[in-house]
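Encoded as structure tokens, the structure appears first; notes follow it.
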Amino acid sequence: MALITSKDMFAKALNSDYAIGAFNVNNMEIIQGIMEGAQAENARVILQVSAGARKYAKPAYLVKLVEAAIIDTGIDVCLHLDHGADFEICKDCVDNGFTSVMIDGSKYPFEENLALTKQVVDYAHDKGVVVEAELGKLAGIEDDVNVDARSATFTDPAEAQEFVERTGVDSLAVAIGTSHGAYKFKGTPYLDFERLKEIHKLIPDTPLVLHGASTVLPEFVEKCNQYGGKIPGAQGVPEDMIKEAAKYGVCKVNIDTDVRLAMTAEIRKYLTEHPEDFDPRLYLGPARAAITEMVRHKIRDVLNSSGTMAL
Ligand code: G3H
Ligand code: 13P
Ligand code: ZN
């Protein structure tokens with residue numbers, strides 16, 4: 001059991017019909033909840049840390065908590081920086097225990113994104129750390145943006161091929177219609193699978209990454225709202241679409257919103273039903289257990305990655 005890179009797990013997932021869950025972590029209960037889910041399913045897992053999570057928890061805490069979770073569960077972990085905005089944050093993570101970093105240059109023009117990614121790849125590879133980059137922009141659900149305008153920002157397959165060849169990046173996040181947060185689609189969910197297939201055909205050896213892949217499970221939204229929440233009309237990526245994506249090169253599926261919802265629903269429920277309690281363990285305990293169940297469901301029923309620790 002150890003902190004490992006995603007190289008081996010992606011190599012095995014690439015030509016299979018399963019994907020590895022990459023869950024965002026911010027504190028001890030979230031890390032424990034996810035890791036206990038991975039342990040129960042004997043599954044490979046990626047724990048990812050955003051800049052916001054590093055700021056909230058302070059960098060050293062999350063690394064040490066993840067190390068503790070590996071000792072406790074016996075499950076290997078790839079510890080990944082999510083959406084690194086510049087070279088400096090990637091370098092800091094490479095130098096301080098992360099085994100994988102994302103450099104997110106997707107907001108820059110192609111050549112700038114490429115140069116920035118190459119700079120991070122050169123530094124990280126030298127230290128045995130793998131790199132994820134992003135090409136194309138994840139769609140929002142802004143008013144007045146029709147399907148054509150939306151897809152204009154999706155990943156261009158030929159560009160993806162050139163980008164991977166020139167940067168030597170280990171994995172590539174693609175924009176095919178998902179977006180971050182709880183509100184992903186107006187109307188019927190749509191992912192551009194033809195585009196995904198084309199990208200996978202051109203770069204068959206490159207593991208692809210799906211950001212914004214939460215399903216925004218209705219049971220959690222409803223539970224939040226039943227206990228005082230006011231989350232309006234949330235809509236995520238249907239589970240069938242995630243399963244489908246895993247067949248076309250998607251090896252890493254990013255999930256944060258579903259973790260947040262599972263946790264918050266349980267805390268709301270507990271505090272509403274026990275207004276006299278004020279011991280944080282009493283509401284964080286059930287919240288942690290809810291994360292474990294949600295993660296088990298993802299691994300077993302959506303990502304199809306149960307048992308992958310043994311592969
Ligand atoms: O894609 C972003 C993740 O959901 C992390 O969100 O920046 O609020 O930690 P955050
Ligand atoms: P969700 O908001 O759909 O959970 O996406 C998370 C993500 O992409 C983290 O990088
Ligand atoms: Zn993301």
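In the structure tokens, each chain is lettered A, B, ... as it comes, each chain's residues begin at 1, and ligands are numbered from 1 in order of appearance.
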For the strand (DSSP E) assignment from backbone DSSP, which residues of segment 80-285 of chain A qualify? Please present them as a VMD selection string. chain A and resid 80 to 84 100 to 103 130 to 135 171 to 174 208 to 210 250 to 255
Neighbourhood of ligand 1 at 10 Å, counting only C-alpha atoms and all ligand atoms, reported as an MDAnalysis selection string: chainID A and resid 23:26 48:56 82:83 179:182 211:214 254:260
Tell me, as number ranges by chain, which residues lie within 6 Å of segment 247-250 of chain A, counting only C-alpha atoms; anything in the same chain fewer than 5 positions away does not count. A: 14, 17, 197, 200, 207-209
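Of the residues under consideration (A:Lys64, A:Lys201, A:His80, A:Arg268), A:His80 shows the shortest atom-to-atom contact distance to ligand 3 when counting only C-alpha atoms and all ligand atoms.
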Determine, using only C-alpha atoms, which residues of segment 163-249 of chain A have any atom at most 10 Å from an atom of segment 128-135 of chain A, and tabulate each with its shortest atom pair and distance in Å to one decimal place, rows ordered by chain and then rising number, as JSON lines.
```
{"residue": "A:Phe163", "atom": "CA", "partner": "A:Leu135", "partner_atom": "CA", "distance": 8.2}
{"residue": "A:Val164", "atom": "CA", "partner": "A:Ala133", "partner_atom": "CA", "distance": 9.1}
{"residue": "A:Thr167", "atom": "CA", "partner": "A:Ala133", "partner_atom": "CA", "distance": 9.4}
{"residue": "A:Gly168", "atom": "CA", "partner": "A:Val131", "partner_atom": "CA", "distance": 9.0}
{"residue": "A:Val169", "atom": "CA", "partner": "A:Val131", "partner_atom": "CA", "distance": 5.8}
{"residue": "A:Asp170", "atom": "CA", "partner": "A:Val131", "partner_atom": "CA", "distance": 5.4}
{"residue": "A:Ser171", "atom": "CA", "partner": "A:Glu132", "partner_atom": "CA", "distance": 4.7}
{"residue": "A:Leu172", "atom": "CA", "partner": "A:Ala133", "partner_atom": "CA", "distance": 5.1}
{"residue": "A:Ala173", "atom": "CA", "partner": "A:Glu134", "partner_atom": "CA", "distance": 4.5}
{"residue": "A:Val174", "atom": "CA", "partner": "A:Leu135", "partner_atom": "CA", "distance": 5.9}
{"residue": "A:Ala175", "atom": "CA", "partner": "A:Leu135", "partner_atom": "CA", "distance": 7.1}
{"residue": "A:Pro207", "atom": "CA", "partner": "A:Glu132", "partner_atom": "CA", "distance": 9.3}
{"residue": "A:Leu208", "atom": "CA", "partner": "A:Glu132", "partner_atom": "CA", "distance": 9.0}
{"residue": "A:Val209", "atom": "CA", "partner": "A:Glu132", "partner_atom": "CA", "distance": 8.3}
{"residue": "A:Leu210", "atom": "CA", "partner": "A:Glu134", "partner_atom": "CA", "distance": 10.0}
{"residue": "A:His211", "atom": "CA", "partner": "A:Glu134", "partner_atom": "CA", "distance": 9.6}
```
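Nearest to Thr73 of chain A of all the residues A:Lys298, A:Arg166, A:Lys230, A:Arg44 is A:Arg44, based on only C-alpha atoms.
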For Glu266 of chain A, work out the shell of residues within 10 Å, counting only C-alpha atoms and skipping chain neighbours fewer than 2 positions away, then give it as a list in words. Phe220, Lys223, Cys224, Tyr227, Leu261, Ala262, Met263, Thr264, Arg268, Lys269, Tyr270, Leu271, Thr272, Tyr283, Leu284, Gly285, Pro286, Ala287, Arg288, Ala289, Ala290 and Ile291 of chain A
Between A:Ala11, A:Leu81, A:Ile34, A:Ile4, which is the closest to Glu293 of chain A once you count only C-alpha atoms? A:Ile34
Test item: residues at most 12 Å from Ala139 of chain A, only C-alpha atoms, excluding those fewer than 6 positions along its chain, as a list in words: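 After dropping sequence-adjacent residues, the list is Ser106, Val145, Asn146, Val147, Asp148, Ala149, Arg150, Ser151, Ala152, Thr153, Phe154, Thr155, Val174, Ala175, Ile176, Gly177, Thr178, Ser179, His180, Gly181, Tyr183, Lys184, Phe185, Lys186, Tyr190, Leu191, Asp192, His211 and Gly212 of chain A.
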With a distance cut-off of 6 Å and only C-alpha atoms, select the neighbouring residues of Phe98 of chain A, excluding the residue or stretch itself and same-chain residues fewer than 4 positions from it, and output the selection as a PyMOL selection string. chain A and resi 79-80+93-94
Would you work out the distance separating atom CA of Ile31 of chain A from atom CA of Val66 of chain A, expressed in Å to one decimal? 6.9 Å
Distance query Asn225 of chain A at most 9 Å, only C-alpha atoms, self and fewer than 6 positions along chain excluded, as number ranges by chain: A: 231-232, 265, 268
What residues in segment 3-247 of chain A get the DSSP label helix (DSSP H, G or I)? Please answer as a ChimeraX atom specification. /A:7-14,28-41,51-57,59-73,87-95,110-126,147-151,157-167,193-202,218-226,239-247
Which residue is closest to Ala19 of chain A? Choose from A:Asn304, A:Gly74, A:Thr117, A:Gly136 and count only C-alpha atoms.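 Checking each of A:Asn304, A:Gly74, A:Thr117, A:Gly136 against Ala19 of chain A, counting only C-alpha atoms, the winner is A:Asn304.
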Provide the atom CA of Asp277 of chain A to atom CA of Glu29 of chain A distance in Å, to one decimal place. 18.8 Å
Selected residue, from A:Met102, A:Met294, A:Lys107, A:Glu36, that lies nearest to ligand 3 when counting only C-alpha atoms and all ligand atoms: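 For ligand 3, the nearest of the given residues is A:Met102.
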